[in-house]
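Okay, so here's the structure we're looking at.
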Amino acid sequence: MKVLGLETSCDETGIAIYDTDKGLLTHKIYTQIAQHAEYGGVVPELASRDHVRKTLPLIEEVLAEAQLKKTDLDAVAYTSGPGLVGALMAGATIGRSMAFSLGIPALGVHHMEGHLLAPMLEEKQPKMPFIALLVSGGHTQLVRVDAIGEYKLLGQSLDDAAGEAFDKAAKMIGLPYPGGPYIAKLAQQGNPDAGIKFPRPMTDRPGLDFSFSGLKTAFLTAVHDALDREAFNDQFQADIALAFEQAIVDTLVIKCRRALEQEGLDQLIIAGGVSANKRLQSQLETQLAKINAGVFYARPEFCTDNGAMIAYAGAQRLVAGQSSPLNLSIRARWPLSDLPDIHEGTN
């Protein structure tokens, strides 16, 4: 089955074709970061309009690269939530219309299920059951995965997501949007002995929930203190970036290890934009090796939003006989727990 995947949940237009016999055939990603950077965050109306402009040309590009015609497609998978309603509607309308005109099934895919399954696109894959850390600008969640559609939420952020905390901290010290990659790059020049200490929120109590708003406040307080002491310089920026990155990474690692031990599992996947953070990957590999557990993650271009993960996730459900009705169902908020088991009829 050849599945066209469309991802338009936020500020990336991702298009891909996945073949259930041959694997990923091709994919393209167009990012709107440059357009939104001057505003310090995503402007929903601009995002929606750009998806309308870019989706069809990118579909033509991936078809040409895969040497396929539209009539060679067997199904279309599109992101139907969670995300920005206008952006979701752009991709869903195009995907649903294409499928109808070609007489093939279409399926609305859960964006976070796409991220969760993205590591399955790699040669090194986990086997279910496993724990998934979904960590991005909009989500920080720990989920037990027993099968596709069998998800148990173990913990989540009670306020800011980790990626959101990175973006806000970056803005406080004058770094561009999105802030996570800039914080990570700046942290490479930081001095771990600079004396900047941040808490590891909610790690001193039981449970698997997260909270990053207090950490963000501590960061702002440290910045103001440096400004008052006229100590805010390039080296201070690098030092505070390192301390902040270490605090978030340590918090995530502690909770991941706790989740594995609680559930009696030895495999963890990390997915979402923050999963591309090299310090997080390294620390998880080091710390989980101590309990004989392994960590899995996707290549960098599949950590952020992309069409390949939607095509793959959609293909798994389409092969099982699931599809979506003609009427569009777009959900800005959509708990993973609401998804049916892979063998439970239609979405």
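As shown in the structure tokens, the chain order sets the letters A, B, ...; within each chain, residues go from 1, and ligands are also counted from 1 in the order they appear.
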Discussion item. Using DSSP assignments from the backbone, pull out every residue in region 67-233 of chain A that falls under alpha helix (DSSP H) and give it to me as a ChimeraX atom specification.
Written reply: /A:85-102,111-117,162-172,179-187,213-228
Take the residues from that selection and write them out as a CSV table (one decimal), in the first residue's frame, keeping C-alpha atoms.
```csv
chain,number,residue,atom,x,y,z
A,85,VAL,CA,-7.4,24.6,13.6
A,86,GLY,CA,-6.8,26.6,10.4
A,87,ALA,CA,-3.5,24.8,9.7
A,88,LEU,CA,-5.1,21.4,10.2
A,89,MET,CA,-8.0,22.3,8.0
A,90,ALA,CA,-5.7,23.2,5.1
A,91,GLY,CA,-4.0,19.8,5.0
A,92,ALA,CA,-7.1,17.8,5.9
A,93,THR,CA,-9.2,19.5,3.2
A,94,ILE,CA,-6.6,18.8,0.5
A,95,GLY,CA,-6.0,15.2,1.6
A,96,ARG,CA,-9.7,14.4,2.0
A,97,SER,CA,-10.5,15.9,-1.4
A,98,MET,CA,-7.6,14.1,-3.2
A,99,ALA,CA,-8.7,10.7,-1.7
A,100,PHE,CA,-12.3,11.3,-2.8
A,101,SER,CA,-11.4,12.3,-6.3
A,102,LEU,CA,-9.1,9.2,-6.6
A,111,HIS,CA,-0.2,14.2,15.4
A,112,MET,CA,1.3,12.8,18.6
A,113,GLU,CA,0.8,9.3,17.5
A,114,GLY,CA,2.8,10.2,14.4
A,115,HIS,CA,5.6,11.5,16.6
A,116,LEU,CA,5.4,8.4,18.9
A,117,LEU,CA,5.8,6.1,15.9
A,162,ALA,CA,9.8,21.6,27.9
A,163,GLY,CA,10.1,23.0,24.3
A,164,GLU,CA,8.0,26.0,25.3
A,165,ALA,CA,10.2,26.6,28.3
A,166,PHE,CA,13.3,26.6,26.0
A,167,ASP,CA,11.6,29.1,23.6
A,168,LYS,CA,10.7,31.5,26.4
A,169,ALA,CA,14.1,31.3,28.1
A,170,ALA,CA,15.8,32.0,24.7
A,171,LYS,CA,13.6,35.0,24.2
A,172,MET,CA,14.6,36.4,27.7
A,179,GLY,CA,14.8,28.9,21.1
A,180,GLY,CA,15.6,25.3,21.8
A,181,PRO,CA,18.4,24.8,19.1
A,182,TYR,CA,19.9,28.2,20.0
A,183,ILE,CA,20.0,27.4,23.7
A,184,ALA,CA,21.7,24.1,22.9
A,185,LYS,CA,24.2,25.7,20.6
A,186,LEU,CA,25.0,28.5,23.1
A,187,ALA,CA,25.3,25.9,26.0
A,213,SER,CA,7.0,27.3,34.8
A,214,GLY,CA,9.0,27.6,38.0
A,215,LEU,CA,12.2,26.8,36.2
A,216,LYS,CA,11.4,29.5,33.7
A,217,THR,CA,10.8,32.0,36.6
A,218,ALA,CA,14.2,31.0,38.1
A,219,PHE,CA,15.8,31.7,34.8
A,220,LEU,CA,14.3,35.1,34.5
A,221,THR,CA,15.3,35.9,38.1
A,222,ALA,CA,18.9,34.9,37.3
A,223,VAL,CA,18.9,37.1,34.2
A,224,HIS,CA,17.6,40.1,36.2
A,225,ASP,CA,20.2,39.5,38.9
A,226,ALA,CA,23.0,39.5,36.3
A,227,LEU,CA,21.7,42.7,34.7
A,228,ASP,CA,21.6,44.4,38.2
```
Item to complete: Excluding region 307-324 of chain A and residues on its chain fewer than 5 positions from it, collect all residues at most 8 Å away from it, counting only C-alpha atoms, and give them as a ChimeraX atom specification.
Response: /A:1,3-7,13-18,20,24,27-29,75-79,105-109,111,113-115,117-118,121,302,342-347
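Checking A:Asp74, A:Phe210, A:Met128, A:Pro119 one by one against Ala161 (chain A), counting only C-alpha atoms, you find the shortest gap at A:Phe210.
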Fill in: Using only C-alpha atoms: which of A:Thr304, A:Asn292, A:Gln235, A:Ser211 has the shortest distance to Pro199 (chain A)
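Under the stated criterion, the closest residue is A:Ser211.
Interatomic distance, CA of Asp209 (chain A) to CA of Gln156 (chain A): 4.7 Å.
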Worksheet entry | Shell of 10 Å around Leu46 (chain A), only C-alpha atoms, local chain residues under 4 positions omitted, as an NGL selection string | :A and (11 or 32 or 35-36 or 42 or 50-51 or 86-87)
Output file for the residues above (C-alpha atoms, as a PDB file, in the first residue's frame):
```pdb
ATOM      1  CA  ASP A  11       4.373  25.729  11.056  1.00  0.00           C
ATOM      2  CA  GLN A  32       7.771  28.587   8.089  1.00  0.00           C
ATOM      3  CA  GLN A  35       8.107  33.974   8.644  1.00  0.00           C
ATOM      4  CA  HIS A  36       7.172  33.591  12.296  1.00  0.00           C
ATOM      5  CA  VAL A  42       3.668  31.050  15.362  1.00  0.00           C
ATOM      6  CA  ASP A  50       1.252  29.187   3.863  1.00  0.00           C
ATOM      7  CA  HIS A  51       0.040  25.598   4.113  1.00  0.00           C
ATOM      8  CA  GLY A  86      -6.775  26.577  10.395  1.00  0.00           C
ATOM      9  CA  ALA A  87      -3.500  24.804   9.667  1.00  0.00           C
TER      10      ALA A  87
END
```
Discussion item. When you look at Asp239 (chain A) with a cut-off of 8 Å (counting only C-alpha atoms), what residues show up, excluding the ones that are within fewer than 5 positions of it in the same chain? I need them as a PyMOL selection string.
Written reply: chain A and resi 187+189-192+194+196
Worksheet item: Where in region 130-291 of chain A does DSSP assign strand (DSSP E or B), given as a list in words?
Response: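 Selecting the strand (DSSP E or B) positions of region 130-291 of chain A gives Phe130, Ile131, Ala132, Leu133, Leu134, Val135, Thr140, Gln141, Leu142, Val143, Arg144, Val145, Asp146, Ala147, Glu150, Tyr151, Lys152, Leu153, Leu154, Gly155, Gln156, Ser157, Phe210, Gln267, Leu268, Ile269, Ile270 and Ala271 of chain A.
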Could the residues in this selection be written to a file with C-alpha atoms, as a tab-separated table (two decimals), in the first residue's frame?
```tsv
chain	number	residue	atom	x	y	z
A	130	PHE	CA	7.75	0.54	25.66
A	131	ILE	CA	7.64	3.94	27.32
A	132	ALA	CA	7.41	7.02	25.11
A	133	LEU	CA	8.57	10.49	26.10
A	134	LEU	CA	6.75	12.93	23.83
A	135	VAL	CA	8.58	16.20	24.22
A	140	THR	CA	5.66	16.89	27.48
A	141	GLN	CA	4.13	13.50	28.19
A	142	LEU	CA	5.17	10.05	29.34
A	143	VAL	CA	3.06	7.33	27.76
A	144	ARG	CA	3.05	3.56	28.11
A	145	VAL	CA	2.67	1.99	24.66
A	146	ASP	CA	1.47	-1.62	24.54
A	147	ALA	CA	0.36	-1.55	20.89
A	150	GLU	CA	-3.14	1.10	23.32
A	151	TYR	CA	-1.77	4.09	25.21
A	152	LYS	CA	-1.72	4.85	28.91
A	153	LEU	CA	-0.80	8.38	29.97
A	154	LEU	CA	1.62	8.14	32.89
A	155	GLY	CA	2.51	11.79	33.36
A	156	GLN	CA	2.48	15.17	31.65
A	157	SER	CA	3.44	18.78	32.14
A	210	PHE	CA	6.30	17.69	35.00
A	267	GLN	CA	12.77	0.34	26.29
A	268	LEU	CA	12.19	4.07	25.91
A	269	ILE	CA	11.53	6.11	22.80
A	270	ILE	CA	11.81	9.89	22.72
A	271	ALA	CA	9.94	11.85	20.08
```
Discussion item. Which residue is closest to Gly273 (chain A)? Choose from A:Leu25, A:Ile59, A:Cys303, A:Leu242 and count only C-alpha atoms.
Written reply: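 Smallest distance to Gly273 (chain A) is found for A:Cys303.
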Practice prompt. Report the distance between CA of Lys2 (chain A) and CA of Asp19 (chain A) in Å, rounded to one decimal place.
Written response: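 Separation between CA of Lys2 (chain A) and CA of Asp19 (chain A): 4.4 Å.
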Worksheet item: Taking into account only C-alpha atoms, which residue in the set A:Pro335, A:Gly195, A:Gly83, A:Pro300 is nearest to Pro44 (chain A)?
Response: A:Gly83
